[in-house]
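Okay, final-v3.cif is below, mmCIF, C-alpha atoms:
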data_data
#
loop_
_atom_site.label_atom_id
_atom_site.label_comp_id
_atom_site.auth_asym_id
_atom_site.auth_seq_id
_atom_site.Cartn_x
_atom_site.Cartn_y
_atom_site.Cartn_z
CA MET A 16 90.75 137.85 53.56
CA SER A 17 87.25 136.38 54.00
CA ASP A 18 86.00 133.51 51.89
CA LEU A 19 83.43 134.91 49.44
CA GLY A 20 82.17 131.47 48.49
CA TRP A 21 78.78 130.02 49.27
CA ASN A 22 77.58 130.36 52.86
CA PRO A 23 74.37 128.65 54.06
CA LEU A 24 73.54 131.73 56.16
CA HIS A 25 73.34 133.95 53.07
CA GLY A 26 70.20 134.21 51.04
CA VAL A 27 67.97 132.46 53.59
CA PRO A 28 64.35 132.39 52.34
CA SER A 29 61.58 134.05 54.31
CA TYR A 30 59.92 131.92 56.91
CA PRO A 31 56.54 130.82 55.48
CA ALA A 32 53.80 132.96 57.02
CA GLU A 33 51.41 130.05 57.41
CA ARG A 34 53.86 128.21 59.68
CA TYR A 35 53.87 130.82 62.48
CA ALA A 36 50.51 129.53 63.68
CA VAL A 37 51.82 125.96 63.56
CA LEU A 38 54.81 127.00 65.70
CA ALA A 39 52.48 128.69 68.20
CA ASP A 40 50.32 125.57 68.45
CA ARG A 41 53.36 123.36 68.99
CA ILE A 42 54.51 125.63 71.82
CA GLY A 43 51.01 125.48 73.27
CA ASP A 44 51.26 121.69 73.29
CA ILE A 45 54.56 121.84 75.18
CA LEU A 46 53.02 124.18 77.74
CA ARG A 47 49.74 122.22 77.80
CA SER A 48 47.80 125.40 77.20
CA ARG A 49 44.89 126.40 75.01
CA ASN A 50 45.41 130.06 75.83
CA ASP A 51 46.64 132.46 73.15
CA ILE A 52 50.29 131.91 72.26
CA LEU A 53 52.23 135.00 71.22
CA LEU A 54 55.60 134.83 69.45
CA VAL A 55 58.12 137.55 70.35
CA GLN A 56 61.00 138.16 67.96
CA ALA A 57 63.58 138.65 70.70
CA GLU A 58 65.23 137.01 73.69
CA ALA A 59 62.84 136.16 76.52
CA VAL A 60 63.74 139.17 78.67
CA VAL A 61 61.95 141.30 76.04
CA ALA A 62 58.83 139.15 76.36
CA LEU A 63 59.01 139.54 80.15
CA GLU A 64 59.29 143.31 79.86
CA ALA A 65 56.39 143.32 77.38
CA ALA A 66 54.21 141.53 79.92
CA ALA A 67 55.09 144.05 82.63
CA VAL A 68 54.62 147.07 80.37
CA SER A 69 51.29 145.76 79.11
CA LEU A 70 49.91 145.15 82.61
CA ALA A 71 51.22 148.22 84.46
CA ARG A 72 48.95 151.23 85.00
CA PRO A 73 48.49 153.88 87.66
CA GLY A 74 46.02 152.50 90.17
CA ARG A 75 47.05 148.88 89.75
CA THR A 76 48.79 146.88 92.44
CA ALA A 77 51.27 144.04 92.10
CA LEU A 78 52.99 141.56 94.38
CA ASN A 79 56.41 140.83 92.92
CA ILE A 80 58.48 137.89 94.18
CA ILE A 81 62.23 138.41 93.84
CA THR A 82 64.59 135.44 93.88
CA SER A 83 67.00 136.82 91.25
CA SER A 84 67.74 139.92 89.22
CA TYR A 85 64.95 138.99 86.81
CA GLY A 86 62.35 139.46 89.51
CA GLY A 87 63.95 142.76 90.42
CA TRP A 88 63.73 143.95 86.83
CA PHE A 89 60.08 142.93 86.57
CA GLY A 90 59.21 145.08 89.56
CA GLN A 91 61.06 148.04 88.05
CA TRP A 92 59.15 147.69 84.78
CA LEU A 93 55.83 147.57 86.63
CA ARG A 94 56.72 150.69 88.62
CA ARG A 95 57.79 152.52 85.49
CA GLY A 96 54.28 151.95 84.14
CA GLY A 97 52.74 153.48 87.25
CA ALA A 98 51.74 150.37 89.19
CA ALA A 99 52.10 150.19 92.96
CA VAL A 100 54.45 147.27 93.60
CA ALA A 101 55.17 145.37 96.80
CA ASP A 102 58.31 143.23 96.55
CA ILE A 103 58.92 140.05 98.54
CA VAL A 104 62.64 139.34 98.48
CA ALA A 105 64.00 135.89 99.31
CA GLU A 106 67.26 135.30 101.14
CA PRO A 107 70.21 135.33 98.68
CA GLY A 108 70.23 132.18 96.58
CA LEU A 109 67.16 130.66 98.25
CA PRO A 110 63.58 130.06 97.08
CA ILE A 111 60.77 132.17 98.46
CA GLU A 112 58.94 130.85 101.50
CA ILE A 113 55.25 130.22 100.87
CA GLU A 114 54.46 131.66 104.31
CA ALA A 115 55.88 135.03 103.24
CA VAL A 116 53.64 135.08 100.17
CA ALA A 117 50.55 134.10 102.17
CA LYS A 118 51.25 136.81 104.75
CA ALA A 119 51.71 139.50 102.08
CA LEU A 120 48.43 138.54 100.43
CA GLN A 121 46.55 138.48 103.73
CA THR A 122 47.85 141.73 105.19
CA GLY A 123 48.48 143.92 102.15
CA PRO A 124 46.11 145.75 99.79
CA LYS A 125 44.08 144.00 97.11
CA ILE A 126 46.50 142.71 94.47
CA ASP A 127 45.84 142.77 90.72
CA VAL A 128 49.02 141.02 89.51
CA LEU A 129 51.41 138.51 91.08
CA ALA A 130 54.74 137.79 89.37
CA LEU A 131 57.47 135.24 90.04
CA VAL A 132 60.21 133.15 88.45
CA HIS A 133 59.58 129.39 88.51
CA ALA A 134 63.12 127.97 88.38
CA GLU A 135 66.24 130.09 88.80
CA SER A 136 69.30 129.29 86.72
CA ALA A 137 71.02 132.09 88.66
CA SER A 138 71.05 130.03 91.87
CA GLY A 139 69.70 126.58 91.09
CA ILE A 140 66.49 126.92 93.12
CA LEU A 141 62.85 126.09 92.41
CA ASN A 142 60.10 128.31 93.79
CA PRO A 143 56.91 126.67 95.17
CA LEU A 144 54.86 127.51 92.09
CA PRO A 145 51.71 125.38 92.60
CA GLU A 146 51.24 126.63 96.15
CA ILE A 147 51.73 130.28 95.17
CA LEU A 148 49.35 129.96 92.24
CA ALA A 149 46.69 128.39 94.47
CA LEU A 150 46.88 131.43 96.77
CA ALA A 151 46.59 133.79 93.80
CA ARG A 152 43.69 131.89 92.18
CA ALA A 153 41.69 132.01 95.41
CA ARG A 154 41.91 135.82 95.26
CA GLY A 155 41.31 136.31 91.53
CA ILE A 156 44.84 137.62 90.95
CA VAL A 157 46.36 137.59 87.44
CA THR A 158 49.62 135.65 87.56
CA VAL A 159 52.79 136.11 85.52
CA VAL A 160 55.35 133.29 85.58
CA ASP A 161 58.86 133.46 84.16
CA ALA A 162 59.23 129.84 83.02
CA VAL A 163 62.29 130.40 80.83
CA ALA A 164 64.51 128.16 82.96
CA SER A 165 61.85 125.61 83.86
CA VAL A 166 60.10 124.69 80.61
CA GLY A 167 61.44 121.28 79.62
CA GLY A 168 63.30 120.89 82.89
CA HIS A 169 60.26 120.64 85.16
CA GLN A 170 56.62 119.71 84.76
CA LEU A 171 54.74 122.82 83.61
CA ASP A 172 51.02 122.43 82.91
CA VAL A 173 49.98 126.03 82.33
CA ASP A 174 46.22 125.57 82.15
CA ASP A 175 45.90 123.09 85.02
CA LEU A 176 48.04 125.31 87.23
CA GLY A 177 46.00 128.36 86.23
CA ILE A 178 48.91 130.49 85.02
CA ASP A 179 47.59 133.60 83.26
CA ILE A 180 50.82 134.65 81.54
CA ALA A 181 53.72 132.24 81.14
CA VAL A 182 56.88 133.50 79.45
CA ILE A 183 59.31 131.02 77.93
CA GLY A 184 62.47 130.96 75.87
CA PRO A 185 63.59 127.81 74.08
CA GLN A 186 67.32 128.29 74.69
CA LYS A 187 67.65 126.34 77.94
CA ALA A 188 66.14 122.88 78.54
CA LEU A 189 64.52 122.80 75.08
CA GLY A 190 67.89 123.30 73.39
CA GLY A 191 66.64 125.94 70.94
CA PRO A 192 67.63 129.45 69.81
CA ALA A 193 67.72 132.45 72.12
CA GLY A 194 66.39 134.91 69.54
CA VAL A 195 62.69 133.99 69.77
CA SER A 196 60.48 133.74 72.84
CA ALA A 197 56.82 133.10 73.52
CA LEU A 198 54.02 133.88 75.97
CA THR A 199 50.73 132.26 76.85
CA VAL A 200 47.98 134.76 77.70
CA SER A 201 44.70 133.76 79.31
CA ARG A 202 41.35 135.44 78.74
CA ARG A 203 41.50 136.86 82.27
CA ALA A 204 44.93 138.35 81.56
CA TRP A 205 43.65 139.88 78.32
CA ASP A 206 40.76 141.48 80.24
CA LEU A 207 43.27 143.20 82.53
CA ILE A 208 45.73 144.10 79.75
CA LEU A 209 43.10 145.67 77.49
CA ARG A 210 41.32 147.56 80.26
CA ASP A 211 42.04 151.26 80.86
CA GLY A 212 44.15 152.04 77.81
CA ALA A 213 46.58 149.29 76.90
CA PRO A 214 49.97 150.50 75.57
CA ARG A 215 50.05 150.45 71.77
CA ASP A 216 52.44 150.95 68.86
CA SER A 217 55.38 149.32 70.59
CA ILE A 218 57.42 146.15 70.39
CA LEU A 219 56.50 145.82 74.08
CA SER A 220 52.75 145.95 73.45
CA LEU A 221 50.95 142.64 73.93
CA ALA A 222 47.80 144.39 72.74
CA ASP A 223 49.52 144.94 69.38
CA LEU A 224 50.56 141.30 69.25
CA LYS A 225 46.96 140.30 69.92
CA THR A 226 46.03 141.72 66.54
CA TRP A 227 48.15 138.88 65.07
CA VAL A 228 45.93 136.37 66.86
CA ASP A 229 42.71 138.17 65.94
CA SER A 230 43.65 138.49 62.27
CA GLY A 231 44.24 134.79 61.66
CA ARG A 232 47.86 134.36 62.84
CA ARG A 233 49.53 134.95 59.48
CA GLY A 234 52.64 137.08 59.04
CA LEU A 235 54.07 138.57 62.23
CA PRO A 236 54.37 142.36 62.54
CA GLY A 237 57.70 143.85 61.59
CA THR A 238 60.39 142.00 59.64
CA PRO A 239 60.91 138.55 61.15
CA ALA A 240 64.37 136.99 61.25
CA PRO A 241 63.88 133.72 59.34
CA LEU A 242 66.95 131.98 60.73
CA GLU A 243 65.57 132.20 64.25
CA PHE A 244 62.24 130.68 63.27
CA PHE A 245 63.81 127.89 61.23
CA ALA A 246 66.04 127.17 64.24
CA LEU A 247 63.03 127.16 66.58
CA GLU A 248 61.20 124.79 64.26
CA THR A 249 64.16 122.41 64.29
CA ALA A 250 64.40 122.60 68.09
CA LEU A 251 60.73 121.71 68.40
CA ASP A 252 61.30 118.77 66.03
CA HIS A 253 63.93 117.47 68.46
CA VAL A 254 61.69 118.09 71.48
CA GLU A 255 58.83 116.16 69.91
CA ALA A 256 61.11 113.35 68.78
CA GLU A 257 62.55 112.85 72.27
CA GLY A 258 59.25 113.55 74.01
CA LEU A 259 58.72 116.29 76.58
CA GLU A 260 58.28 113.82 79.44
CA ASN A 261 61.61 112.22 78.54
CA ILE A 262 63.32 115.61 78.44
CA VAL A 263 61.99 116.48 81.89
CA ALA A 264 63.09 113.06 83.18
CA ARG A 265 66.55 113.51 81.64
CA HIS A 266 66.99 116.81 83.49
CA ALA A 267 65.70 115.32 86.75
CA LEU A 268 68.20 112.47 86.43
CA ALA A 269 71.07 114.87 85.69
CA ALA A 270 70.15 116.89 88.79
CA SER A 271 69.86 113.87 91.09
CA ALA A 272 73.10 112.34 89.76
CA THR A 273 74.91 115.66 90.28
CA ARG A 274 73.65 115.85 93.87
CA ALA A 275 74.73 112.24 94.48
CA GLY A 276 78.21 112.97 93.13
CA LEU A 277 78.57 116.12 95.22
CA ALA A 278 77.40 114.27 98.33
CA ALA A 279 80.10 111.65 97.73
CA LEU A 280 82.66 114.47 97.56
CA GLY A 281 81.42 115.66 100.94
CA ALA A 282 79.83 118.83 99.55
CA PRO A 283 76.75 119.98 101.48
CA ASP A 284 73.34 120.38 99.86
CA TRP A 285 72.41 124.00 99.27
CA VAL A 286 68.65 123.38 99.23
CA PRO A 287 66.59 120.17 99.51
CA ALA A 288 65.98 118.32 96.26
CA ALA A 289 62.31 119.36 96.17
CA ARG A 290 63.37 123.01 96.17
CA ALA A 291 66.19 122.68 93.64
CA SER A 292 66.17 123.33 89.92
CA ASN A 293 66.76 120.43 87.54
CA LEU A 294 68.83 122.65 85.23
CA VAL A 295 71.59 123.92 87.52
CA THR A 296 72.92 122.57 90.80
CA ALA A 297 74.40 125.07 93.22
CA VAL A 298 77.03 124.09 95.78
CA PRO A 299 78.31 126.29 98.64
CA VAL A 300 82.01 127.09 98.41
CA PRO A 301 84.04 126.18 101.51
CA GLU A 302 84.59 129.23 103.71
CA SER A 303 88.37 129.19 103.28
CA LEU A 304 88.21 129.27 99.46
CA ALA A 305 87.41 131.92 96.89
CA PRO A 306 84.88 130.89 94.21
CA ALA A 307 87.19 132.32 91.55
CA ALA A 308 89.97 129.92 92.56
CA LEU A 309 87.75 126.89 92.08
CA ILE A 310 86.42 128.22 88.78
CA ALA A 311 89.96 128.75 87.51
CA ALA A 312 91.08 125.28 88.63
CA ALA A 313 88.13 123.62 86.90
CA GLY A 314 88.77 125.72 83.80
CA GLN A 315 92.26 124.22 83.53
CA LEU A 316 90.49 120.89 82.98
CA GLY A 317 88.30 122.37 80.28
CA VAL A 318 85.16 122.45 82.46
CA GLU A 319 83.20 125.63 83.00
CA LEU A 320 81.88 126.19 86.51
CA THR A 321 80.24 129.54 87.23
CA GLU A 322 79.48 131.59 90.30
CA GLY A 323 75.89 132.04 91.42
CA VAL A 324 74.41 135.26 90.01
CA GLY A 325 73.10 137.72 92.57
CA THR A 326 73.60 135.27 95.43
CA GLY A 327 76.18 137.43 97.19
CA PRO A 328 76.83 136.17 100.71
CA ALA A 329 75.78 132.62 99.80
CA ARG A 330 79.03 132.10 97.79
CA LEU A 331 77.64 129.51 95.41
CA LEU A 332 79.15 127.71 92.44
CA ARG A 333 76.85 126.40 89.72
CA LEU A 334 77.17 123.10 87.89
CA ASN A 335 75.22 123.43 84.66
CA HIS A 336 73.26 120.45 83.31
CA THR A 337 70.84 122.25 81.01
CA GLY A 338 69.57 121.13 77.60
CA PRO A 339 72.12 118.92 75.84
CA ARG A 340 74.28 119.13 78.99
CA ALA A 341 71.70 117.06 80.88
CA ALA A 342 73.67 113.92 80.12
CA PHE A 343 75.96 111.50 81.95
CA GLN A 344 79.23 112.76 80.45
CA THR A 345 78.59 116.40 81.35
CA VAL A 346 77.38 115.57 84.84
CA LEU A 347 80.46 113.43 85.44
CA SER A 348 82.81 116.09 84.04
CA ASN A 349 81.24 118.82 86.20
CA VAL A 350 81.51 116.91 89.46
CA VAL A 351 84.97 115.48 88.78
CA ALA A 352 86.25 118.95 87.85
CA TYR A 353 84.79 120.38 91.04
CA GLY A 354 86.42 117.62 93.08
CA ALA A 355 89.75 118.16 91.32
CA ALA A 356 89.49 121.90 91.93
CA LEU A 357 88.92 121.25 95.64
CA ARG A 358 92.00 119.02 95.75
CA GLN A 359 94.11 121.59 93.94
CA THR A 360 93.17 124.18 96.54
CA GLY A 361 94.05 121.88 99.42
CA HIS A 362 90.68 120.31 100.25
CA PRO A 363 90.38 116.50 100.17
CA SER A 364 87.71 115.03 97.89
CA ASP A 365 86.94 111.43 96.98
CA ILE A 366 86.62 111.73 93.21
CA SER A 367 86.41 107.97 92.78
CA ALA A 368 83.42 107.75 95.13
CA ALA A 369 81.76 110.68 93.37
CA SER A 370 82.20 109.04 89.98
CA GLU A 371 80.71 105.79 91.26
CA ALA A 372 77.75 107.64 92.80
CA ILE A 373 77.00 109.31 89.48
CA ALA A 374 77.32 106.03 87.58
CA ALA A 375 75.02 104.33 90.07
CA ALA A 376 72.40 107.05 89.63
CA TYR A 377 72.44 106.54 85.88
CA ARG A 378 72.37 102.74 86.20
CA ARG A 379 69.19 103.03 88.24
#

Could you rewrite the structure in this file as structure tokens?
Amino acid sequence: MSDLGWNPLHGVPSYPAERYAVLADRIGDILRSRNDILLVQAEAVVALEAAAVSLARPGRTALNIITSSYGGWFGQWLRRGGAAVADIVAEPGLPIEIEAVAKALQTGPKIDVLALVHAESASGILNPLPEILALARARGIVTVVDAVASVGGHQLDVDDLGIDIAVIGPQKALGGPAGVSALTVSRRAWDLILRDGAPRDSILSLADLKTWVDSGRRGLPGTPAPLEFFALETALDHVEAEGLENIVARHALAASATRAGLAALGAPDWVPAARASNLVTAVPVPESLAPAALIAAAGQLGVELTEGVGTGPARLLRLNHTGPRAAFQTVLSNVVAYGAALRQTGHPSDISAASEAIAAAYRR
């Protein structure tokens, strides 16, 4: 029988309408953007779909970079809206090559929209965002960047980079709730969104959300979930207390320490450090082993390793050091568990050397 006593989740007051604008401004500070900030009352995949739906029209063209399932979905949403979409698909588990993007822009039709994911938690890679954005800016292309897995884990200066639409969720490096997401929208993006009959009367309509900005940024449309916004506010308090630069540095240290530990185990690098995400480190599984066997062996030690998502032939395991996990103890546990799993499946690994390599990285 359930306890009918007091529960702090019951009777939560409404989130004060005047604080939505404050939240938006705080997110703008994190993203270093003076563009409009929109709050979406859903997980970030909804905000991504809203961007695609709001931009897609018959007669529009898009170049869509696919390095995970998220990129694949974005292309589908654009096509559903009638846009002509050219996909560039990276090799499984690898970042896109800038040469492939340059070639597509030089040889293909005029492009209205270019979309990509910055960092991939699915495979632990980092796409060459500044270089891609420079190519797009030179051609007047509106850019959409999925920064859900990079905000807080990597430097992300939206306005200096010239990102037109950046989509974020606070649930990864920022350590916040998954139930609210946000977008930055530039004036140039608004010009394209509002041209030729923007979709309206939908949770996926950025044009509808713009009325919130234009009307003074008071109460959001619909019935907001106050718990999510109180949780987001608390997460931003923690971000500001630690400092965004310190959070990025903490993730970079966790990534470099993980790589040092894996190198001491004898595990090969999957991608060079400059092309790797700071949130997740991917390691190729030895040919003679099944990823599931290593995952199960690590699980017996209470450590969760996961297989790369959508990386297929690459056969990658992921060591997660995202948000609060970007810390010495988690990094050490991940690498030691991976080494122990290798040993259990008959592969030698120098766990002592790996532990010392991680400790040395943190001492530096």

Task: Proximity to Leu109 (chain A) - best of A:Trp285, A:Trp227, A:Tyr35, A:Phe343, all atoms listed in the file - done: A:Trp285

Task: Surrounding residues of Tyr353 (chain A) excluding itself and chain neighbours under 4 positions, 9 Å, all atoms listed in the file, as a ChimeraX atom specification - done: /A:277,309-310,312-313,318,320,334,348-349,357-358

Preceding selection exported with C-alpha atoms as a short mmCIF file (atom, residue, chain, number, x, y, z; two decimals), in the coordinates of the input:
data_model
loop_
_atom_site.label_atom_id
_atom_site.label_comp_id
_atom_site.auth_asym_id
_atom_site.auth_seq_id
_atom_site.Cartn_x
_atom_site.Cartn_y
_atom_site.Cartn_z
CA LEU A 277 78.57 116.12 95.22
CA LEU A 309 87.75 126.89 92.08
CA ILE A 310 86.42 128.22 88.78
CA ALA A 312 91.08 125.28 88.63
CA ALA A 313 88.13 123.62 86.90
CA VAL A 318 85.16 122.45 82.46
CA LEU A 320 81.88 126.19 86.51
CA LEU A 334 77.17 123.10 87.89
CA SER A 348 82.81 116.09 84.04
CA ASN A 349 81.24 118.82 86.20
CA LEU A 357 88.92 121.25 95.64
CA ARG A 358 92.00 119.02 95.75
#

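The spacing separating CA of Pro301 (chain A) from CA of Gln315 (chain A) amounts to 19.9 Å.
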
TODO: Excluding region 264-271 of chain A and any residue of its chain fewer than 4 positions from it, enumerate the residues within 10 Å of it, using only C-alpha atoms, and give them as a ChimeraX atom specification.
DONE: /A:139,167-170,188,258-260,275-277,288,291-296,334-347,373,376-377,379

Per-axis box centre and lengths in Å around region 71-81 of chain A, 8 Å margin per side, axis-aligned, as JSON:
{"center_x": 54.1, "center_y": 145.9, "center_z": 89.4, "size_x": 32.2, "size_y": 32.0, "size_z": 25.9}

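Atom pair CA of Asn79 (chain A) / CA of Ala130 (chain A) has a distance of 5.0 Å (rounded to one decimal).
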
Open item on the list: At a cut-off of 12 Å around the point (49.2, 125.7, 76.6) (file coordinates), what residues fall inside when counting all atoms listed in the file? I'd like the answer as number ranges by chain.
Closed with: A: 39-53, 166, 171-183, 197-201

Task: Gap from CA of Leu144 (chain A) to CA of Ile126 (chain A) - Å, one decimal - done: 17.5 Å
